[in-house]
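Next comes final_36.cif, a file with mmCIF, C-alpha atoms.
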data_query
loop_
_atom_site.label_atom_id
_atom_site.label_comp_id
_atom_site.auth_asym_id
_atom_site.auth_seq_id
_atom_site.Cartn_x
_atom_site.Cartn_y
_atom_site.Cartn_z
CA MET A 29 14.82 29.01 -48.67
CA ASP A 30 17.93 27.40 -50.09
CA GLU A 31 18.19 23.77 -51.04
CA LEU A 32 20.21 22.68 -48.03
CA GLU A 33 17.95 24.32 -45.49
CA PHE A 34 14.92 22.89 -47.24
CA ARG A 35 16.36 19.37 -47.10
CA ARG A 36 17.33 19.74 -43.49
CA ARG A 37 13.81 20.73 -42.56
CA ILE A 38 12.24 17.93 -44.56
CA TYR A 39 14.63 15.35 -43.18
CA ALA A 40 13.89 16.50 -39.64
CA ASP A 41 10.13 16.33 -40.20
CA PRO A 42 8.72 15.29 -43.57
CA ASP A 43 5.19 16.06 -42.34
CA THR A 44 6.07 19.60 -41.37
CA THR A 45 3.36 22.19 -41.78
CA ASP A 46 5.80 25.07 -41.67
CA PRO A 47 4.43 27.56 -44.29
CA ALA A 48 7.92 28.51 -45.48
CA VAL A 49 8.75 24.88 -46.26
CA LEU A 50 5.40 24.25 -47.91
CA LYS A 51 5.76 27.32 -50.07
CA ALA A 52 9.26 26.38 -51.14
CA ALA A 53 7.98 22.95 -52.21
CA GLU A 54 5.16 24.51 -54.15
CA ASN A 55 7.47 26.79 -56.08
CA ASP A 56 10.10 24.23 -56.99
CA PRO A 57 9.20 20.87 -58.60
CA GLU A 58 12.54 19.34 -57.58
CA LYS A 59 11.98 20.22 -53.96
CA ARG A 60 8.45 18.87 -54.23
CA THR A 61 9.75 15.56 -55.55
CA PHE A 62 12.25 15.30 -52.76
CA ARG A 63 9.58 16.05 -50.17
CA ASP A 64 7.21 13.47 -51.59
CA GLN A 65 9.96 10.86 -51.60
CA MET A 66 10.74 11.61 -47.99
CA ARG A 67 7.07 11.46 -47.07
CA ARG A 68 6.77 8.05 -48.65
CA MET A 69 9.78 6.80 -46.77
CA ASN A 70 8.47 8.33 -43.61
CA ASN A 71 5.14 6.56 -43.99
CA GLU A 72 6.97 3.30 -44.43
CA LEU A 73 8.97 4.09 -41.33
CA LYS A 74 5.83 4.87 -39.38
CA GLN A 75 4.29 1.57 -40.39
CA ALA A 76 7.51 -0.24 -39.61
CA ALA A 77 7.70 1.40 -36.20
CA LYS A 78 4.22 0.06 -35.46
CA MET A 79 5.62 -3.40 -35.07
CA PRO A 80 3.30 -6.13 -33.80
CA VAL A 81 2.75 -6.22 -30.06
CA PRO A 82 2.37 -9.54 -28.21
CA ASP A 83 -1.36 -10.36 -28.29
CA ASP A 84 -1.80 -10.87 -24.61
CA LEU A 85 0.38 -8.02 -23.37
CA ALA A 86 -2.52 -5.82 -22.25
CA HIS A 87 -4.11 -8.70 -20.36
CA LYS A 88 -0.80 -9.59 -18.83
CA LEU A 89 -0.33 -6.04 -17.58
CA ILE A 90 -3.77 -5.96 -16.03
CA TRP A 91 -3.40 -9.40 -14.53
CA GLN A 92 0.04 -8.63 -13.16
CA GLN A 93 -1.27 -5.51 -11.44
CA ALA A 94 -4.16 -7.44 -9.90
CA THR A 95 -1.95 -10.21 -8.54
CA ASN A 96 0.64 -7.77 -7.34
CA ASP A 97 -2.03 -5.91 -5.46
CA PHE A 98 -3.37 -9.15 -4.06
CA VAL A 99 0.05 -10.28 -2.87
CA GLN A 100 0.70 -6.94 -1.24
CA GLN A 101 -2.63 -7.06 0.52
CA ARG A 102 -1.85 -10.54 1.73
CA LYS A 103 1.51 -9.40 2.99
CA LYS A 104 -0.24 -6.60 4.83
CA HIS A 105 -2.72 -9.10 6.17
CA ARG A 106 0.06 -11.32 7.42
CA TRP A 107 1.61 -8.37 9.13
CA TYR A 108 -1.65 -7.51 10.86
CA THR A 109 -2.24 -11.11 11.85
CA ALA A 110 1.23 -11.31 13.34
CA LEU A 111 0.65 -8.13 15.30
CA ALA A 112 -2.73 -9.33 16.52
CA ALA A 113 -1.17 -12.64 17.58
CA SER A 114 1.58 -10.91 19.57
CA VAL A 115 -0.92 -8.62 21.23
CA ALA A 116 -3.10 -11.58 22.14
CA LEU A 117 -0.09 -13.40 23.53
CA MET A 118 0.93 -10.42 25.65
CA VAL A 119 -2.62 -10.04 26.94
CA GLY A 120 -2.60 -13.72 27.82
CA ILE A 121 0.68 -13.52 29.69
CA ILE A 122 -0.22 -10.36 31.55
CA SER A 123 -3.65 -11.54 32.60
CA THR A 124 -2.20 -14.85 33.75
CA LEU A 125 0.31 -13.03 35.92
CA TRP A 126 -2.51 -10.84 37.19
CA PHE A 127 -4.60 -13.87 37.99
CA VAL A 128 -1.83 -15.61 39.86
CA GLN A 129 -1.16 -12.57 41.97
CA ARG A 130 -4.77 -11.86 42.72
CA PRO A 131 -5.31 -13.47 46.15
CA ALA A 132 -2.51 -11.45 47.70
CA ASN A 133 -4.25 -8.23 46.71
CA ILE A 134 -7.82 -8.86 47.56
CA GLU A 135 -7.78 -7.27 51.00
CA THR A 136 -5.89 -4.25 49.64
CA GLN A 137 -8.66 -3.86 47.12
CA ALA A 138 -11.21 -4.10 49.88
CA LEU A 139 -9.44 -1.32 51.76
CA ALA A 140 -9.40 0.80 48.65
CA HIS A 141 -13.13 0.32 48.34
CA VAL A 142 -13.62 1.43 51.88
CA VAL A 143 -11.50 4.51 51.32
CA HIS A 144 -13.83 5.49 48.52
CA MET A 145 -16.86 4.41 50.45
CA GLU A 146 -17.92 7.93 51.22
CA LYS A 147 -18.53 8.59 47.56
CA GLU A 148 -20.50 5.45 47.17
CA LEU A 149 -22.94 6.28 49.92
CA PRO A 150 -26.28 7.57 48.79
CA HIS A 151 -27.08 10.77 50.52
CA SER A 152 -30.73 9.91 50.78
CA ALA A 153 -30.31 7.56 53.64
CA VAL A 154 -33.10 5.18 52.85
CA ALA A 155 -32.43 2.11 54.91
CA VAL A 156 -31.87 -1.11 53.05
CA ASP A 157 -34.15 -3.84 54.25
CA ILE A 158 -33.16 -7.40 54.80
CA ALA A 159 -35.08 -8.65 51.78
CA GLN A 160 -32.92 -6.54 49.47
CA ILE A 161 -29.77 -7.84 51.07
CA ASN A 162 -30.96 -11.40 50.79
CA ALA A 163 -31.86 -10.97 47.16
CA LYS A 164 -28.26 -10.11 46.43
CA LEU A 165 -26.75 -12.52 48.88
CA ALA A 166 -28.66 -15.32 47.19
CA SER A 167 -26.19 -15.31 44.32
CA PHE A 168 -23.56 -16.42 46.83
CA GLY A 169 -25.86 -19.14 48.05
CA GLY A 170 -26.54 -17.48 51.39
CA HIS A 171 -29.06 -15.43 53.24
CA LEU A 172 -29.31 -13.45 56.45
CA ALA A 173 -31.36 -15.16 59.07
CA SER A 174 -31.44 -12.03 61.15
CA SER A 175 -30.42 -8.41 60.81
CA ILE A 176 -26.76 -7.59 61.16
CA GLY A 177 -27.46 -3.91 61.84
CA ASP A 178 -28.25 -0.72 60.03
CA VAL A 179 -27.23 -1.45 56.44
CA GLU A 180 -26.89 1.68 54.40
CA VAL A 181 -25.73 0.34 51.08
CA VAL A 182 -25.64 -3.08 49.52
CA ASN A 183 -23.90 -3.36 46.20
CA PHE A 184 -22.05 -5.80 44.07
CA CYS A 185 -18.51 -4.72 43.49
CA HIS A 186 -15.36 -6.15 42.01
CA LEU A 187 -12.30 -6.82 44.09
CA GLU A 188 -9.76 -7.35 41.38
CA THR A 189 -11.84 -9.43 39.07
CA ILE A 190 -13.92 -11.13 41.69
CA ARG A 191 -17.50 -10.19 41.98
CA SER A 192 -18.35 -9.71 45.63
CA LEU A 193 -21.05 -8.12 47.71
CA HIS A 194 -20.24 -4.96 49.60
CA LEU A 195 -22.42 -3.92 52.53
CA ILE A 196 -21.91 -0.66 54.33
CA LEU A 197 -23.27 -0.40 57.83
CA ASN A 198 -23.76 2.27 60.41
CA THR A 199 -22.57 0.98 63.73
CA ASP A 200 -21.80 2.56 67.05
CA GLN A 201 -18.15 2.20 65.99
CA GLY A 202 -18.75 4.36 62.89
CA LYS A 203 -19.15 3.11 59.33
CA MET A 204 -18.11 -0.43 58.68
CA SER A 205 -17.95 -2.57 55.60
CA VAL A 206 -18.67 -6.22 55.03
CA PHE A 207 -17.45 -7.91 51.86
CA VAL A 208 -18.84 -11.30 50.92
CA ILE A 209 -16.58 -13.10 48.47
CA PRO A 210 -17.08 -16.48 46.78
CA GLN A 211 -14.91 -18.85 48.73
CA ASP A 212 -13.39 -20.68 45.79
CA LYS A 213 -12.01 -17.44 44.44
CA ALA A 214 -11.01 -15.66 47.60
CA GLY A 215 -7.95 -17.74 48.37
CA ASP A 216 -6.39 -17.37 51.81
CA LEU A 217 -7.56 -14.23 53.52
CA PRO A 218 -5.43 -12.67 56.20
CA ASN A 219 -6.87 -12.67 59.62
CA ARG A 220 -5.89 -9.04 60.12
CA PHE A 221 -4.92 -6.34 57.67
CA GLY A 222 -5.10 -2.60 57.42
CA ASN A 223 -3.59 0.67 56.35
CA SER A 224 -3.19 4.08 57.98
CA GLN A 225 -6.94 4.70 58.08
CA PHE A 226 -8.66 1.35 58.24
CA GLU A 227 -8.24 -2.12 59.50
CA GLY A 228 -10.01 -5.30 58.76
CA THR A 229 -10.32 -8.98 59.42
CA GLY A 230 -10.95 -11.86 57.10
CA PHE A 231 -12.52 -15.21 57.79
CA GLY A 232 -14.09 -18.06 55.97
CA LEU A 233 -17.62 -19.25 56.32
CA GLN A 234 -19.33 -22.30 55.01
CA LYS A 235 -19.54 -21.20 51.38
CA ALA A 236 -18.09 -17.72 51.30
CA SER A 237 -15.26 -15.69 52.63
CA VAL A 238 -15.95 -12.48 54.48
CA LEU A 239 -13.97 -9.34 55.10
CA VAL A 240 -15.04 -6.91 57.79
CA VAL A 241 -13.44 -3.50 57.63
CA GLY A 242 -13.78 -0.56 59.96
CA ALA A 243 -11.93 2.58 60.95
CA LYS A 244 -8.54 2.10 62.51
CA GLY A 245 -8.88 1.14 66.12
CA ALA A 246 -12.55 0.25 65.83
CA ASN A 247 -13.72 -2.91 67.49
CA LEU A 248 -14.57 -5.25 64.63
CA LEU A 249 -15.62 -8.08 66.86
CA PRO A 250 -19.31 -7.29 67.42
CA LEU A 251 -20.02 -7.01 63.71
CA THR A 252 -17.87 -10.02 62.95
CA GLU A 253 -19.84 -12.07 65.40
CA LYS A 254 -23.14 -10.84 64.04
CA VAL A 255 -22.13 -11.74 60.50
CA LYS A 256 -20.96 -15.19 61.50
CA LYS A 257 -24.23 -15.83 63.29
CA SER A 258 -26.61 -14.34 60.77
CA ILE A 259 -25.39 -15.58 57.42
CA GLN A 260 -26.64 -19.00 56.64
CA PHE A 261 -25.93 -21.01 53.57
CA SER A 262 -28.27 -23.35 51.86
CA ALA A 263 -26.94 -26.85 51.57
CA MET B 4 -10.54 1.15 -5.76
CA LYS B 5 -12.77 0.08 -8.59
CA GLU B 6 -12.45 3.46 -10.26
CA LYS B 7 -8.68 3.27 -9.98
CA GLN B 8 -8.78 -0.16 -11.57
CA GLN B 9 -10.79 1.19 -14.47
CA ARG B 10 -8.43 4.10 -14.96
CA TYR B 11 -5.50 1.72 -14.94
CA GLU B 12 -7.07 -0.55 -17.52
CA ALA B 13 -7.83 2.45 -19.72
CA LEU B 14 -4.20 3.53 -19.41
CA VAL B 15 -2.99 0.05 -20.36
CA HIS B 16 -5.22 -0.14 -23.39
CA ALA B 17 -4.35 3.35 -24.56
CA PHE B 18 -0.57 3.10 -24.25
CA HIS B 19 0.75 -0.40 -23.85
CA ALA B 20 1.30 -1.02 -27.58
CA ASP B 21 3.32 2.10 -28.32
CA ILE B 22 5.13 1.91 -25.00
CA TYR B 23 6.11 -1.66 -25.83
CA ARG B 24 7.33 -0.60 -29.29
CA TYR B 25 9.26 2.27 -27.83
CA ALA B 26 10.88 -0.04 -25.29
CA TYR B 27 11.68 -2.47 -28.06
CA TYR B 28 13.45 0.17 -30.12
CA LEU B 29 15.42 1.19 -27.07
CA VAL B 30 16.64 -2.28 -26.11
CA ARG B 31 16.10 -4.14 -29.40
CA ASP B 32 15.07 -7.28 -27.60
CA LYS B 33 11.45 -8.38 -27.39
CA SER B 34 11.45 -10.13 -24.05
CA THR B 35 13.48 -7.40 -22.36
CA ALA B 36 11.09 -4.85 -23.83
CA GLU B 37 8.18 -6.79 -22.37
CA ASP B 38 9.85 -6.89 -18.94
CA ILE B 39 10.42 -3.17 -19.05
CA VAL B 40 6.81 -2.54 -20.02
CA GLN B 41 5.59 -4.68 -17.13
CA GLU B 42 7.77 -2.83 -14.67
CA THR B 43 6.69 0.49 -16.13
CA PHE B 44 2.98 -0.23 -15.77
CA LEU B 45 3.46 -1.58 -12.27
CA ARG B 46 4.95 1.77 -11.35
CA ALA B 47 2.16 3.52 -13.20
CA TRP B 48 -0.37 1.73 -11.00
CA ARG B 49 1.36 2.98 -7.89
CA SER B 50 1.46 6.57 -9.15
CA LEU B 51 -1.85 6.50 -10.97
CA ASP B 52 -3.28 9.40 -9.00
CA ALA B 53 -0.51 11.65 -10.27
CA LEU B 54 -1.23 10.86 -13.94
CA LYS B 55 -3.82 13.47 -14.69
CA ASP B 56 -4.24 13.77 -18.45
CA GLU B 57 -3.28 11.81 -21.51
CA LYS B 58 -0.32 13.96 -22.45
CA SER B 59 1.35 13.85 -19.07
CA ALA B 60 0.61 10.13 -18.74
CA LYS B 61 2.37 9.46 -22.04
CA ALA B 62 5.39 11.54 -21.07
CA TRP B 63 5.48 9.89 -17.67
CA LEU B 64 5.41 6.39 -19.12
CA ILE B 65 8.18 7.22 -21.58
CA THR B 66 10.30 8.60 -18.77
CA ILE B 67 9.84 5.44 -16.73
CA VAL B 68 10.74 3.24 -19.68
CA ARG B 69 13.93 5.20 -20.19
CA ARG B 70 14.80 5.08 -16.52
CA GLU B 71 14.08 1.37 -16.31
CA ASN B 72 16.22 0.78 -19.37
CA ALA B 73 19.09 2.77 -17.88
CA ARG B 74 18.76 0.87 -14.62
CA ARG B 75 18.95 -2.47 -16.38
CA PHE B 76 21.86 -1.31 -18.41
CA GLU B 77 23.79 -0.28 -15.33
CA LYS B 78 22.92 -3.52 -13.62
CA LYS B 79 24.17 -5.53 -16.51
CA GLN B 80 27.38 -3.54 -16.85
CA LEU B 81 27.91 -5.50 -20.00
CA ASP B 82 28.59 -3.66 -23.12
CA ILE B 83 26.00 -4.90 -25.52
CA VAL B 84 27.42 -5.06 -28.99
CA GLU B 85 25.58 -2.57 -31.11
CA PHE B 86 24.42 -4.38 -34.17
CA ASP B 87 24.32 -1.19 -36.22
CA GLU B 88 27.22 -2.15 -38.38
CA THR B 89 26.69 -5.87 -38.39
CA THR B 90 23.22 -5.89 -39.87
CA VAL B 91 23.14 -2.64 -41.67
CA ALA B 92 26.47 -3.03 -43.44
CA ASP B 93 25.21 -6.23 -44.97
CA ASP B 94 23.59 -4.59 -47.96
CA THR B 95 22.86 -7.75 -49.84
CA SER B 96 20.49 -9.07 -47.22
CA PHE B 97 17.97 -6.51 -48.44
CA ALA B 98 18.76 -6.91 -52.07
CA ASP B 99 16.34 -9.58 -53.16
CA SER B 100 13.11 -7.74 -52.46
CA SER B 101 11.81 -4.27 -52.13
CA VAL B 102 12.14 -2.57 -48.78
CA HIS B 103 9.55 -4.28 -46.58
CA HIS B 104 8.37 -3.38 -43.13
CA SER B 105 10.59 -5.90 -41.51
CA ASP B 106 13.54 -4.42 -43.35
CA MET B 107 12.55 -0.95 -42.29
CA GLN B 108 12.30 -2.23 -38.74
CA LYS B 109 15.80 -3.57 -39.00
CA LEU B 110 17.06 -0.31 -40.43
CA LEU B 111 15.37 1.65 -37.71
CA ALA B 112 16.72 -0.65 -35.03
CA GLY B 113 20.12 -0.41 -36.67
CA LEU B 114 20.46 3.32 -36.09
CA ALA B 115 22.63 4.45 -33.22
CA LEU B 116 20.65 5.17 -30.08
CA GLU B 117 21.10 8.93 -30.26
CA TYR B 118 19.41 8.98 -33.68
CA ARG B 119 17.06 6.11 -33.07
CA GLU B 120 15.42 7.41 -29.95
CA PRO B 121 14.25 10.83 -31.16
CA LEU B 122 13.11 9.35 -34.45
CA VAL B 123 11.06 6.65 -32.74
CA LEU B 124 9.46 9.24 -30.48
CA GLN B 125 8.47 11.21 -33.55
CA LEU B 126 7.19 8.20 -35.47
CA LEU B 127 5.33 6.48 -32.64
CA PHE B 128 3.99 9.33 -30.59
CA GLY B 129 3.87 12.09 -33.19
CA TYR B 130 6.05 14.26 -30.97
CA SER B 131 7.28 17.58 -32.27
CA GLY B 132 10.94 18.58 -32.08
CA GLU B 133 10.10 20.64 -29.04
CA GLU B 134 8.39 17.76 -27.24
CA ILE B 135 11.21 15.37 -28.04
CA ALA B 136 13.69 17.88 -26.71
CA GLN B 137 11.72 18.13 -23.49
CA GLN B 138 11.37 14.39 -23.12
CA LEU B 139 15.04 13.67 -23.74
CA ASN B 140 16.41 16.70 -21.97
CA LEU B 141 18.13 18.00 -25.06
CA ASN B 142 17.89 21.31 -26.80
CA LYS B 143 15.65 21.58 -29.80
CA ASN B 144 18.40 22.19 -32.35
CA THR B 145 20.21 19.07 -31.28
CA VAL B 146 17.00 17.10 -31.70
CA MET B 147 16.36 18.52 -35.16
CA THR B 148 19.92 17.72 -36.21
CA ARG B 149 19.60 14.16 -34.97
CA LEU B 150 16.30 13.67 -36.77
CA PHE B 151 17.87 15.01 -39.93
CA ARG B 152 20.87 12.70 -39.64
CA ALA B 153 18.68 9.72 -38.80
CA ARG B 154 16.60 10.07 -41.96
CA ASN B 155 19.61 10.98 -43.99
CA GLN B 156 21.32 7.74 -42.97
CA LEU B 157 18.21 5.70 -43.65
CA ARG B 158 17.81 7.24 -47.05
CA ASP B 159 21.41 6.53 -47.93
CA ILE B 160 21.05 2.90 -46.99
CA VAL B 161 17.79 2.49 -48.85
CA SER B 162 19.13 4.06 -52.02
CA LYS B 163 22.31 1.96 -51.82
CA GLN B 164 20.16 -1.14 -51.59
CA THR B 165 18.12 -0.06 -54.55
CA GLU B 166 21.37 0.44 -56.45
CA VAL B 167 22.63 -3.01 -55.51
CA ARG B 168 19.34 -4.47 -56.58
CA GLY B 169 19.51 -2.50 -59.78
CA HIS B 170 22.97 -3.89 -60.55
CA ARG B 171 21.85 -7.42 -59.84
CA ASN B 172 18.78 -7.13 -61.97
CA GLY B 173 20.64 -5.35 -64.74
#

Please express the file's structure as structure tokens.
Amino acid sequence: MDELEFRRRIYADPDTTDPAVLKAAENDPEKRTFRDQMRRMNNELKQAAKMPVPDDLAHKLIWQQATNDFVQQRKKHRWYTALAASVALMVGIISTLWFVQRPANIETQALAHVVHMEKELPHSAVAVDIAQINAKLASFGGHLASSIGDVEVVNFCHLETIRSLHLILNTDQGKMSVFVIPQDKAGDLPNRFGNSQFEGTGFGLQKASVLVVGAKGANLLPLTEKVKKSIQFSA
Amino acid sequence: MKEKQQRYEALVHAFHADIYRYAYYLVRDKSTAEDIVQETFLRAWRSLDALKDEKSAKAWLITIVRRENARRFEKKQLDIVEFDETTVADDTSFADSSVHHSDMQKLLAGLALEYREPLVLQLLFGYSGEEIAQQLNLNKNTVMTRLFRARNQLRDIVSKQTEVRGHRNG
């Protein structure tokens, strides 16, 4: 290895372990001196390169990461909170609108119930006795003083959001329904309403409103009269 | 989350000092170097899952420091005056004592970037010519030539200083 090549290699990496370079240094005292000089300088350079680092830098880096993470989480939180708030607001607006519109729909809901009445009917036709009806009617503050006919089903149901009592009766006019609705929530009920299959009548009693629904063309009057006479409200 | 935190702290402790020094020798300004290191480790936190082993983590951090430096440089658009000539040409400033660390630091910082950067990678991280070439996207011969010239320049300066000192003393 000639002098120039040797120097180039040593300059490029004084700590080289290249056997050719090491051998050349071993065989030539001048080359060895040069290499040792360069190694000394290189060690000084290495030490110089290891300049002091600010004491708290590591802590700063860890702290900065923690706070950055915290801030980002908070931002995310804010975002979620904002979304939740908007959703809550929309729910509020929609349910208010719903609430305001409710009285207009109550009889339509009653009709819908009647349409699905067939499904509701238990096929084991165990007659419902008056005690069972009264037990449920009690939550409306009323009771039946006398039978209003052959009641097949008595169930609480919801017309819109209003809990009401639905009775299904067998009459000589076919199946008929009676809905008992808390008066303060029923609003104004139409005297007559109906659709292509059913028709009904609404009226107010002392403490409840009542809808009577039967098949289209059926005479609702007998049942209506019976209901008016039989239901009594405690003072 | 806790495991990630621990890995991050281990990464900080293992590399922050040399990464800071490397950044310093790139920008030659302590507070800018610190900013770059902070930005670099913030990015490291976000990509921590990708940093598998020590070697790739080191290379990754160096890459981010370089990128961050380039970004700042572009943003500034100001031509920073290289103080190569200004400090280094002033031979007498070294003349009254032997070559101390701080002087060596100045000499090292005084090299032009193309010589300074590969040399610092070699000195700080013990990178081979091959690894430096990979890190800087250069070919190996170029790197070896630059390392050679870097030390050659340093040696010239040091021996000139010794001469000056010799004259003064004699």

Near chain A, which residues of chain B fall within 7 Å when you count all atoms listed in the file, and what do they look like as a count of residues only?
-> 20

When you draw a straight line from CA of Lys104 (chain A) to CA of Leu54 (chain B), how long is it in Å?
->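 Pair CA of Lys104 (chain A) / CA of Leu54 (chain B) returns 25.7 Å.
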
So what does the PyMOL selection byres ((chain B and resi 121) around 9) actually pick up in this one, as a PyMOL selection string?
-> chain B and resi 116-120+122-126+130+132+135-136+139+146-147+149-150+153

Matched chain/residue IDs from the PyMOL selection byres ((chain A and resi 53) around 12), as a count of residues only | 28

Residues near Thr43 (chain B), anyone? I mean within 10 Å using all atoms listed in the file, not counting same-chain ones fewer than 5 positions away, as a PDB file with C-alpha atoms, keeping the file's coordinate frame.
ATOM      1  CA  LEU A  89      -0.330  -6.040 -17.580  1.00  0.00           C
TER       2      LEU A  89
ATOM      3  CA  HIS B  19       0.750  -0.400 -23.850  1.00  0.00           C
ATOM      4  CA  ILE B  22       5.130   1.910 -25.000  1.00  0.00           C
ATOM      5  CA  TYR B  23       6.110  -1.660 -25.830  1.00  0.00           C
ATOM      6  CA  GLU B  37       8.180  -6.790 -22.370  1.00  0.00           C
ATOM      7  CA  ASP B  38       9.850  -6.890 -18.940  1.00  0.00           C
ATOM      8  CA  TRP B  48      -0.370   1.730 -11.000  1.00  0.00           C
ATOM      9  CA  TRP B  63       5.480   9.890 -17.670  1.00  0.00           C
ATOM     10  CA  LEU B  64       5.410   6.390 -19.120  1.00  0.00           C
ATOM     11  CA  ILE B  65       8.180   7.220 -21.580  1.00  0.00           C
ATOM     12  CA  THR B  66      10.300   8.600 -18.770  1.00  0.00           C
ATOM     13  CA  ILE B  67       9.840   5.440 -16.730  1.00  0.00           C
ATOM     14  CA  VAL B  68      10.740   3.240 -19.680  1.00  0.00           C
ATOM     15  CA  ARG B  69      13.930   5.200 -20.190  1.00  0.00           C
ATOM     16  CA  ARG B  70      14.800   5.080 -16.520  1.00  0.00           C
ATOM     17  CA  GLU B  71      14.080   1.370 -16.310  1.00  0.00           C
TER      18      GLU B  71
END

Residues at most 12 Å from Ala73 (chain B), counting all atoms listed in the file, excluding those fewer than 6 positions away in the same chain, as a PyMOL selection string?
-> chain B and resi 26+29-30+39+66-67+79-80

So what do you get for CA of Leu249 (chain A) versus CA of Lys203 (chain A), distance-wise?
->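 Interatomic distance, CA of Leu249 (chain A) to CA of Lys203 (chain A): 13.9 Å.
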
Neighbours of Thr189 (chain A) within 9 Å (all atoms listed in the file; same-chain residues fewer than 2 positions away dropped), as an mmCIF file with C-alpha atoms, in the frame of the given file?
data_model
loop_
_atom_site.group_PDB
_atom_site.id
_atom_site.type_symbol
_atom_site.label_atom_id
_atom_site.label_comp_id
_atom_site.auth_asym_id
_atom_site.auth_seq_id
_atom_site.Cartn_x
_atom_site.Cartn_y
_atom_site.Cartn_z
ATOM 1 C CA PHE A 127 -4.600 -13.870 37.990
ATOM 2 C CA ARG A 130 -4.770 -11.860 42.720
ATOM 3 C CA HIS A 186 -15.360 -6.150 42.010
ATOM 4 C CA LEU A 187 -12.300 -6.820 44.090
ATOM 5 C CA ARG A 191 -17.500 -10.190 41.980
#

When you draw a straight line from CA of Ala243 (chain A) to CA of Cys185 (chain A), how long is it in Å?
->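 About the pair CA of Ala243 (chain A) and CA of Cys185 (chain A): they are 20.0 Å apart.
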
Write out as JSON, numbers by chain which residues come within 12 Å of Ala159 (chain A) when counting all atoms listed in the file, dropping same-chain ones fewer than 2 positions away.
-> {"A": [155, 156, 157, 161, 162, 163, 164, 165, 166, 171, 172, 173, 174, 175, 179, 182]}
